[in-house]
Amino acid sequence: MNMKLKYELLKEEKSTKARLGKIITKYGKYQTPMFMPVGTLATVKTLAPEEIKETKAGIILANTYHLWLRPGEDIVNEAGGLHKFMNYDGPILTDSGGFQVFSLANSKDISEEGVAFKNQLNGDRLFLTPEKSIEIQNKLDSDIAMSFDECPPASASHDYLKQSIERTIRWAKRGKDVHNNKNQALFGIVQGGPHEDLRKYSATETVKLDFDGYSIGGVANDGEDKEAMYKAIDYSIPYLPKDKLRYLMGVGEPIDIIEGVIRGVDIFDCVLPTRLARHGNALTKYGKINIKNKKYKKDFTPLDSTCDCYACQNYTRSYIKHLISCNETFGARLLSIHNIRFLIRLTEELRQAIENDNILEYKQEFIKNYYGDKYE
RNA sequence: GCGGAAUUGGUGAAGUGGUUAACACGCCGGAUUGUGGCUCCGGUACGCGUGGGUUCGAUCCCCACAUUUCGCC
């Protein structure tokens, strides 16, 4: 089937910028706001595709840079594309490798042409360009491709960020010019750190290039405080068209998803639920818990008694603590299922709150439960 | 019965006659926001088998005892 993903705005919440929307894909229709689990290496770590589906996830992520290194885009292409390769019949978004320009900072060199990396696996020298990133994503055959951007730390100087976003805009255009997968949407990325003028400039110029959707990047990557992150969103959103999907990259924590939705963001992705899971943490209505803590040794209740996930329906904290303590992967799998389902339920509730026009009340209620007295 | 060796935290162990007894594992906590890493960061023996002695000072030297272990009869 020949079909590029479409977005439809359904409703705006009365007192905030929160919006309810619909994404139509060849795999089905999904509502936004939505949380997208991350599956960097064509697998949401520890989960089978059936288990991903069971969390009610829609779009999932994979990563261009990592799949380029292993197994290589040609192999994925020969397998029939990412969906067939990993047996996932839902929408997939590929990140461009831009974030790796940031996260693999000690082994890279940025120039106008692109980014020279040192392959962390074998020391090979690699060169990724905007054109190459798009070409790889074309071959991976994801449903949404991301422009190749530089993702500088929020703490970088205004001067540096200015020249960085200008280059990122040139890179976005170069990528768009070679993009030729008719079934694949292509998104542009707004950068600019915490600065109002830079966000405005980046958003305006990126929108001029006319992408299928826009994302806000460079956020939550530098230990910057939450206010700086919320400002980055506030400074970007007004310049993005209402009829296109808005994606806040790499976020995040439950409270940040709520704040993002209130500010007009539609989709989010984050490694947090799966990483927390592997490290023995569970997100619950009453806050994050570390299942390794002694106090759960004889706790025969579910991770979160308000949760409908497979882990909470069938297993106790005591058992999951035992698994994590023994380093059994089934523990990480149960926690991953739970944490992903937790964030997806959060977005389900946010959609309902938008529908009911009471999202600010929902936020207060959430904070009261999640943080108790600890919220400043 | 005789002779030798050993005895340090929950475990495996380093170590020195003189400030806070190394390290690892475990245990107890914490971190984690477009995922290189079951990762990272803290805390965790007021005491070095027991009792004496030598010394200004002993976990480290000496003696006795206990326990463990090896060899011999």
# chains A, B, ... in the order shown; residues from 1 in each chain; ligands from 1
>>> residues_around(residues="Val207 of chain A", least_positions_apart="6", cutoff="10 Å", atoms="only C-alpha atoms (C1' of nucleotides)", output="VMD selection string")
chain A and resid 169 187 to 190 201 213 to 214 239 to 241
>>> closest_atom_pairs(of="chain B", to="chain A", cutoff="9 Å", atoms="only C-alpha atoms (C1' of nucleotides)", output="JSON lines")
{"residue": "B:C28", "atom": "C1'", "partner": "A:Lys294", "partner_atom": "CA", "distance": 8.2}
{"residue": "B:G29", "atom": "C1'", "partner": "A:Asn293", "partner_atom": "CA", "distance": 8.1}
{"residue": "B:U32", "atom": "C1'", "partner": "A:Leu276", "partner_atom": "CA", "distance": 6.7}
{"residue": "B:U33", "atom": "C1'", "partner": "A:Gly252", "partner_atom": "CA", "distance": 4.4}
{"residue": "B:G34", "atom": "C1'", "partner": "A:Gly250", "partner_atom": "CA", "distance": 4.4}
{"residue": "B:U35", "atom": "C1'", "partner": "A:Val271", "partner_atom": "CA", "distance": 6.1}
{"residue": "B:G36", "atom": "C1'", "partner": "A:Gln120", "partner_atom": "CA", "distance": 6.7}
{"residue": "B:C38", "atom": "C1'", "partner": "A:Asn327", "partner_atom": "CA", "distance": 6.8}
{"residue": "B:U39", "atom": "C1'", "partner": "A:His279", "partner_atom": "CA", "distance": 8.6}
>>> residues_around(residues="Asp89 of chain A", least_positions_apart="3", cutoff="8 Å", atoms="only C-alpha atoms (C1' of nucleotides)", output="list in words")
Tyr27, His83 and Lys84 of chain A
>>> write_last_selection(atoms="N, CA and C atoms", output="short mmCIF file (atom, residue, chain, number, x, y, z; two decimals), in the first residue's frame")
data_model
loop_
_atom_site.label_atom_id
_atom_site.label_comp_id
_atom_site.auth_asym_id
_atom_site.auth_seq_id
_atom_site.Cartn_x
_atom_site.Cartn_y
_atom_site.Cartn_z
N TYR A 27 -0.80 1.45 8.85
CA TYR A 27 -0.97 0.40 9.86
C TYR A 27 -2.19 0.64 10.74
N HIS A 83 10.11 -2.95 9.01
CA HIS A 83 8.93 -3.63 9.57
C HIS A 83 9.04 -5.13 9.44
N LYS A 84 9.41 -5.57 8.25
CA LYS A 84 9.54 -7.02 8.04
C LYS A 84 10.73 -7.55 8.82
#
>>> select_by_dssp(residues="segment 145-303 of chain A", states="strand (DSSP E)", output="ChimeraX atom specification")
/A:145-146,185-190,213-216,245-248,267-270,281-284,287-290
>>> atom_distance(atom1="atom CA of Thr43 of chain A", atom2="atom CA of Phe85 of chain A")
10.2 Å
>>> closest_residue(among="A:His179, A:Lys56, A:Arg341, A:Lys108", to="Gly123 of chain A", atoms="only C-alpha atoms")
A:Lys108
>>> residues_around(residues="segment 1-18 of chain B", least_positions_apart="6", cutoff="8 Å", atoms="only C-alpha atoms (C1' of nucleotides)", output="list in words")
A24, C25, G26, C27, A45, C48, G49, G57, A58, U59, C60, U68, U69, C70, G71, C72 and C73 of chain B
>>> atom_distance(atom1="atom CA of Asn369 of chain A", atom2="atom CA of Tyr296 of chain A")
19.8 Å
>>> residues_around(residues="segment 15-26 of chain A", least_positions_apart="5", cutoff="6 Å", atoms="only C-alpha atoms (C1' of nucleotides)", output="list in words")
Leu5, Lys6, Tyr7, Glu8, Leu9, Leu10, Gln31, Thr32, Val261, Ile262, Arg263 and Gly264 of chain A
>>> write_last_selection(atoms="all heavy atoms", output="mmCIF file, in the first residue's frame")
data_model
loop_
_atom_site.group_PDB
_atom_site.id
_atom_site.type_symbol
_atom_site.label_atom_id
_atom_site.label_comp_id
_atom_site.auth_asym_id
_atom_site.auth_seq_id
_atom_site.Cartn_x
_atom_site.Cartn_y
_atom_site.Cartn_z
ATOM 1 N N LEU A 5 2.005 8.876 6.069
ATOM 2 C CA LEU A 5 1.273 9.218 7.290
ATOM 3 C C LEU A 5 0.666 10.631 7.240
ATOM 4 O O LEU A 5 1.273 11.565 6.737
ATOM 5 C CB LEU A 5 2.278 9.062 8.414
ATOM 6 C CG LEU A 5 2.170 9.643 9.797
ATOM 7 C CD1 LEU A 5 2.915 8.719 10.722
ATOM 8 C CD2 LEU A 5 2.750 11.037 9.851
ATOM 9 N N LYS A 6 -0.555 10.754 7.748
ATOM 10 C CA LYS A 6 -1.234 12.061 7.778
ATOM 11 C C LYS A 6 -1.642 12.421 9.202
ATOM 12 O O LYS A 6 -1.937 11.544 10.002
ATOM 13 C CB LYS A 6 -2.512 11.991 6.938
ATOM 14 C CG LYS A 6 -2.307 12.062 5.454
ATOM 15 C CD LYS A 6 -3.613 12.517 4.825
ATOM 16 C CE LYS A 6 -4.138 11.755 3.645
ATOM 17 N NZ LYS A 6 -3.865 10.420 3.312
ATOM 18 N N TYR A 7 -1.675 13.729 9.449
ATOM 19 C CA TYR A 7 -2.102 14.196 10.772
ATOM 20 C C TYR A 7 -3.355 15.031 10.648
ATOM 21 O O TYR A 7 -3.520 15.802 9.691
ATOM 22 C CB TYR A 7 -1.003 15.049 11.421
ATOM 23 C CG TYR A 7 -1.447 15.711 12.703
ATOM 24 C CD1 TYR A 7 -1.594 14.962 13.869
ATOM 25 C CD2 TYR A 7 -1.745 17.079 12.748
ATOM 26 C CE1 TYR A 7 -2.026 15.561 15.053
ATOM 27 C CE2 TYR A 7 -2.173 17.684 13.922
ATOM 28 C CZ TYR A 7 -2.319 16.923 15.068
ATOM 29 O OH TYR A 7 -2.744 17.521 16.228
ATOM 30 N N GLU A 8 -4.229 14.859 11.619
ATOM 31 C CA GLU A 8 -5.467 15.643 11.642
ATOM 32 C C GLU A 8 -5.669 16.195 13.048
ATOM 33 O O GLU A 8 -5.648 15.437 14.021
ATOM 34 C CB GLU A 8 -6.632 14.696 11.328
ATOM 35 C CG GLU A 8 -7.666 15.246 10.383
ATOM 36 C CD GLU A 8 -8.665 14.152 10.044
ATOM 37 O OE1 GLU A 8 -8.396 13.375 9.090
ATOM 38 O OE2 GLU A 8 -9.689 14.050 10.751
ATOM 39 N N LEU A 9 -5.847 17.497 13.142
ATOM 40 C CA LEU A 9 -6.100 18.120 14.447
ATOM 41 C C LEU A 9 -7.579 17.975 14.773
ATOM 42 O O LEU A 9 -8.439 18.349 13.979
ATOM 43 C CB LEU A 9 -5.716 19.601 14.390
ATOM 44 C CG LEU A 9 -6.027 20.450 15.622
ATOM 45 C CD1 LEU A 9 -5.297 19.924 16.856
ATOM 46 C CD2 LEU A 9 -5.654 21.904 15.368
ATOM 47 N N LEU A 10 -7.898 17.415 15.934
ATOM 48 C CA LEU A 10 -9.301 17.166 16.279
ATOM 49 C C LEU A 10 -9.877 18.200 17.225
ATOM 50 O O LEU A 10 -11.024 18.615 17.095
ATOM 51 C CB LEU A 10 -9.450 15.771 16.914
ATOM 52 C CG LEU A 10 -9.054 14.576 16.059
ATOM 53 C CD1 LEU A 10 -9.176 13.292 16.865
ATOM 54 C CD2 LEU A 10 -9.915 14.497 14.799
ATOM 55 N N GLN A 31 -4.320 8.028 18.045
ATOM 56 C CA GLN A 31 -4.618 9.354 18.571
ATOM 57 C C GLN A 31 -3.390 9.965 19.222
ATOM 58 O O GLN A 31 -2.509 9.255 19.748
ATOM 59 C CB GLN A 31 -5.757 9.252 19.585
ATOM 60 C CG GLN A 31 -7.086 8.933 18.906
ATOM 61 C CD GLN A 31 -8.249 9.621 19.594
ATOM 62 O OE1 GLN A 31 -8.394 9.553 20.806
ATOM 63 N NE2 GLN A 31 -9.092 10.289 18.819
ATOM 64 N N THR A 32 -3.348 11.280 19.181
ATOM 65 C CA THR A 32 -2.287 12.011 19.862
ATOM 66 C C THR A 32 -2.946 12.900 20.906
ATOM 67 O O THR A 32 -4.114 13.256 20.732
ATOM 68 C CB THR A 32 -1.488 12.892 18.880
ATOM 69 O OG1 THR A 32 -2.371 13.816 18.249
ATOM 70 C CG2 THR A 32 -0.773 12.038 17.849
ATOM 71 N N VAL A 261 2.545 18.428 26.600
ATOM 72 C CA VAL A 261 1.203 18.366 26.019
ATOM 73 C C VAL A 261 0.477 19.691 26.237
ATOM 74 O O VAL A 261 -0.140 20.239 25.325
ATOM 75 C CB VAL A 261 0.403 17.189 26.626
ATOM 76 C CG1 VAL A 261 -1.088 17.320 26.312
ATOM 77 C CG2 VAL A 261 0.939 15.856 26.095
ATOM 78 N N ILE A 262 0.589 20.220 27.438
ATOM 79 C CA ILE A 262 -0.060 21.499 27.763
ATOM 80 C C ILE A 262 0.452 22.615 26.862
ATOM 81 O O ILE A 262 -0.267 23.554 26.515
ATOM 82 C CB ILE A 262 0.167 21.829 29.263
ATOM 83 C CG1 ILE A 262 -0.742 20.953 30.117
ATOM 84 C CG2 ILE A 262 -0.054 23.313 29.546
ATOM 85 C CD1 ILE A 262 -0.489 21.050 31.604
ATOM 86 N N ARG A 263 1.694 22.482 26.439
ATOM 87 C CA ARG A 263 2.307 23.506 25.573
ATOM 88 C C ARG A 263 2.081 23.251 24.079
ATOM 89 O O ARG A 263 2.596 23.992 23.243
ATOM 90 C CB ARG A 263 3.798 23.585 25.882
ATOM 91 C CG ARG A 263 4.060 24.257 27.213
ATOM 92 C CD ARG A 263 5.489 24.072 27.681
ATOM 93 N NE ARG A 263 5.769 24.993 28.777
ATOM 94 C CZ ARG A 263 5.340 24.831 30.030
ATOM 95 N NH1 ARG A 263 4.623 23.768 30.344
ATOM 96 N NH2 ARG A 263 5.611 25.719 30.960
ATOM 97 N N GLY A 264 1.380 22.158 23.759
ATOM 98 C CA GLY A 264 1.026 21.941 22.363
ATOM 99 C C GLY A 264 1.808 20.868 21.632
ATOM 100 O O GLY A 264 1.799 20.804 20.401
#
>>> select_by_dssp(residues="segment 16-108 of chain A", states="alpha helix (DSSP H)", output="PDB file with N, CA, C and O atoms, in the first residue's frame")
ATOM      1  N   PRO A  49       7.523  -7.957  19.671  1.00  0.00           N
ATOM      2  CA  PRO A  49       6.553  -7.046  19.057  1.00  0.00           C
ATOM      3  C   PRO A  49       5.135  -7.209  19.619  1.00  0.00           C
ATOM      4  O   PRO A  49       4.421  -6.225  19.790  1.00  0.00           O
ATOM      5  N   GLU A  50       4.741  -8.428  19.919  1.00  0.00           N
ATOM      6  CA  GLU A  50       3.410  -8.657  20.492  1.00  0.00           C
ATOM      7  C   GLU A  50       3.273  -7.934  21.824  1.00  0.00           C
ATOM      8  O   GLU A  50       2.214  -7.428  22.181  1.00  0.00           O
ATOM      9  N   GLU A  51       4.373  -7.920  22.581  1.00  0.00           N
ATOM     10  CA  GLU A  51       4.334  -7.253  23.885  1.00  0.00           C
ATOM     11  C   GLU A  51       4.294  -5.734  23.730  1.00  0.00           C
ATOM     12  O   GLU A  51       3.659  -5.035  24.514  1.00  0.00           O
ATOM     13  N   ILE A  52       4.976  -5.240  22.696  1.00  0.00           N
ATOM     14  CA  ILE A  52       4.908  -3.801  22.416  1.00  0.00           C
ATOM     15  C   ILE A  52       3.459  -3.431  22.105  1.00  0.00           C
ATOM     16  O   ILE A  52       2.908  -2.478  22.642  1.00  0.00           O
ATOM     17  N   LYS A  53       2.847  -4.224  21.253  1.00  0.00           N
ATOM     18  CA  LYS A  53       1.451  -3.974  20.870  1.00  0.00           C
ATOM     19  C   LYS A  53       0.531  -3.991  22.083  1.00  0.00           C
ATOM     20  O   LYS A  53      -0.408  -3.206  22.185  1.00  0.00           O
ATOM     21  N   GLU A  54       0.819  -4.899  22.993  1.00  0.00           N
ATOM     22  CA  GLU A  54      -0.034  -5.035  24.168  1.00  0.00           C
ATOM     23  C   GLU A  54      -0.001  -3.802  25.071  1.00  0.00           C
ATOM     24  O   GLU A  54      -0.912  -3.568  25.848  1.00  0.00           O
ATOM     25  N   THR A  64      18.893   5.478  12.993  1.00  0.00           N
ATOM     26  CA  THR A  64      19.639   5.430  11.736  1.00  0.00           C
ATOM     27  C   THR A  64      21.126   5.139  11.945  1.00  0.00           C
ATOM     28  O   THR A  64      21.692   4.267  11.297  1.00  0.00           O
ATOM     29  N   TYR A  65      21.721   5.877  12.855  1.00  0.00           N
ATOM     30  CA  TYR A  65      23.155   5.708  13.092  1.00  0.00           C
ATOM     31  C   TYR A  65      23.489   4.283  13.508  1.00  0.00           C
ATOM     32  O   TYR A  65      24.375   3.644  12.934  1.00  0.00           O
ATOM     33  N   HIS A  66      22.747   3.773  14.470  1.00  0.00           N
ATOM     34  CA  HIS A  66      23.062   2.438  14.986  1.00  0.00           C
ATOM     35  C   HIS A  66      22.775   1.334  13.968  1.00  0.00           C
ATOM     36  O   HIS A  66      23.532   0.373  13.865  1.00  0.00           O
ATOM     37  N   LEU A  67      21.696   1.491  13.204  1.00  0.00           N
ATOM     38  CA  LEU A  67      21.379   0.459  12.215  1.00  0.00           C
ATOM     39  C   LEU A  67      22.304   0.545  10.998  1.00  0.00           C
ATOM     40  O   LEU A  67      22.519  -0.442  10.297  1.00  0.00           O
ATOM     41  N   TRP A  68      22.827   1.711  10.784  1.00  0.00           N
ATOM     42  CA  TRP A  68      23.823   1.915   9.704  1.00  0.00           C
ATOM     43  C   TRP A  68      25.075   1.088  10.033  1.00  0.00           C
ATOM     44  O   TRP A  68      25.630   0.397   9.170  1.00  0.00           O
ATOM     45  N   LEU A  69      25.500   1.174  11.313  1.00  0.00           N
ATOM     46  CA  LEU A  69      26.669   0.404  11.735  1.00  0.00           C
ATOM     47  C   LEU A  69      26.383  -1.094  11.768  1.00  0.00           C
ATOM     48  O   LEU A  69      27.203  -1.892  11.350  1.00  0.00           O
ATOM     49  N   GLU A  73      22.088  -0.721   6.467  1.00  0.00           N
ATOM     50  CA  GLU A  73      20.780  -0.481   5.859  1.00  0.00           C
ATOM     51  C   GLU A  73      20.485  -1.392   4.678  1.00  0.00           C
ATOM     52  O   GLU A  73      19.330  -1.708   4.398  1.00  0.00           O
ATOM     53  N   ASP A  74      21.512  -1.858   4.000  1.00  0.00           N
ATOM     54  CA  ASP A  74      21.268  -2.730   2.847  1.00  0.00           C
ATOM     55  C   ASP A  74      20.688  -4.076   3.278  1.00  0.00           C
ATOM     56  O   ASP A  74      19.848  -4.646   2.588  1.00  0.00           O
ATOM     57  N   ILE A  75      21.137  -4.554   4.400  1.00  0.00           N
ATOM     58  CA  ILE A  75      20.605  -5.822   4.904  1.00  0.00           C
ATOM     59  C   ILE A  75      19.150  -5.672   5.325  1.00  0.00           C
ATOM     60  O   ILE A  75      18.297  -6.498   4.997  1.00  0.00           O
ATOM     61  N   VAL A  76      18.865  -4.568   6.006  1.00  0.00           N
ATOM     62  CA  VAL A  76      17.471  -4.314   6.406  1.00  0.00           C
ATOM     63  C   VAL A  76      16.613  -4.176   5.148  1.00  0.00           C
ATOM     64  O   VAL A  76      15.505  -4.718   5.065  1.00  0.00           O
ATOM     65  N   ASN A  77      17.146  -3.468   4.155  1.00  0.00           N
ATOM     66  CA  ASN A  77      16.419  -3.271   2.912  1.00  0.00           C
ATOM     67  C   ASN A  77      16.148  -4.596   2.200  1.00  0.00           C
ATOM     68  O   ASN A  77      15.054  -4.867   1.717  1.00  0.00           O
ATOM     69  N   GLU A  78      17.158  -5.437   2.182  1.00  0.00           N
ATOM     70  CA  GLU A  78      17.028  -6.735   1.534  1.00  0.00           C
ATOM     71  C   GLU A  78      16.018  -7.623   2.268  1.00  0.00           C
ATOM     72  O   GLU A  78      15.350  -8.467   1.674  1.00  0.00           O
ATOM     73  N   LEU A  82      12.431  -2.264   7.500  1.00  0.00           N
ATOM     74  CA  LEU A  82      12.477  -2.385   8.956  1.00  0.00           C
ATOM     75  C   LEU A  82      11.305  -3.181   9.545  1.00  0.00           C
ATOM     76  O   LEU A  82      11.476  -4.017  10.430  1.00  0.00           O
ATOM     77  N   HIS A  83      10.109  -2.947   9.011  1.00  0.00           N
ATOM     78  CA  HIS A  83       8.931  -3.628   9.574  1.00  0.00           C
ATOM     79  C   HIS A  83       9.040  -5.126   9.435  1.00  0.00           C
ATOM     80  O   HIS A  83       8.803  -5.867  10.390  1.00  0.00           O
ATOM     81  N   LYS A  84       9.411  -5.569   8.249  1.00  0.00           N
ATOM     82  CA  LYS A  84       9.540  -7.017   8.044  1.00  0.00           C
ATOM     83  C   LYS A  84      10.730  -7.549   8.818  1.00  0.00           C
ATOM     84  O   LYS A  84      10.662  -8.624   9.423  1.00  0.00           O
ATOM     85  N   PHE A  85      11.824  -6.791   8.787  1.00  0.00           N
ATOM     86  CA  PHE A  85      13.052  -7.233   9.445  1.00  0.00           C
ATOM     87  C   PHE A  85      12.805  -7.536  10.918  1.00  0.00           C
ATOM     88  O   PHE A  85      13.212  -8.569  11.432  1.00  0.00           O
ATOM     89  N   MET A  86      12.074  -6.620  11.586  1.00  0.00           N
ATOM     90  CA  MET A  86      11.864  -6.802  13.022  1.00  0.00           C
ATOM     91  C   MET A  86      10.474  -7.329  13.368  1.00  0.00           C
ATOM     92  O   MET A  86      10.130  -7.468  14.539  1.00  0.00           O
ATOM     93  N   GLY A  98      21.311  12.389  14.371  1.00  0.00           N
ATOM     94  CA  GLY A  98      21.674  13.706  14.876  1.00  0.00           C
ATOM     95  C   GLY A  98      22.003  13.683  16.361  1.00  0.00           C
ATOM     96  O   GLY A  98      22.947  14.322  16.811  1.00  0.00           O
ATOM     97  N   PHE A  99      21.213  12.932  17.088  1.00  0.00           N
ATOM     98  CA  PHE A  99      21.464  12.866  18.533  1.00  0.00           C
ATOM     99  C   PHE A  99      22.811  12.239  18.833  1.00  0.00           C
ATOM    100  O   PHE A  99      23.484  12.603  19.799  1.00  0.00           O
ATOM    101  N   GLN A 100      23.231  11.298  17.989  1.00  0.00           N
ATOM    102  CA  GLN A 100      24.516  10.641  18.216  1.00  0.00           C
ATOM    103  C   GLN A 100      25.677  11.621  18.006  1.00  0.00           C
ATOM    104  O   GLN A 100      26.745  11.435  18.566  1.00  0.00           O
ATOM    105  N   VAL A 101      25.403  12.673  17.222  1.00  0.00           N
ATOM    106  CA  VAL A 101      26.422  13.708  17.069  1.00  0.00           C
ATOM    107  C   VAL A 101      26.690  14.331  18.442  1.00  0.00           C
ATOM    108  O   VAL A 101      27.784  14.762  18.758  1.00  0.00           O
ATOM    109  N   PHE A 102      25.631  14.334  19.232  1.00  0.00           N
ATOM    110  CA  PHE A 102      25.765  14.874  20.588  1.00  0.00           C
ATOM    111  C   PHE A 102      26.269  13.818  21.576  1.00  0.00           C
ATOM    112  O   PHE A 102      27.230  14.037  22.312  1.00  0.00           O
ATOM    113  N   SER A 103      25.639  12.636  21.564  1.00  0.00           N
ATOM    114  CA  SER A 103      25.919  11.659  22.613  1.00  0.00           C
ATOM    115  C   SER A 103      27.271  10.966  22.451  1.00  0.00           C
ATOM    116  O   SER A 103      27.842  10.487  23.412  1.00  0.00           O
TER     117      SER A 103
END
>>> atom_distance(atom1="atom CA of Pro153 of chain A", atom2="atom CA of Lys231 of chain A")
15.1 Å
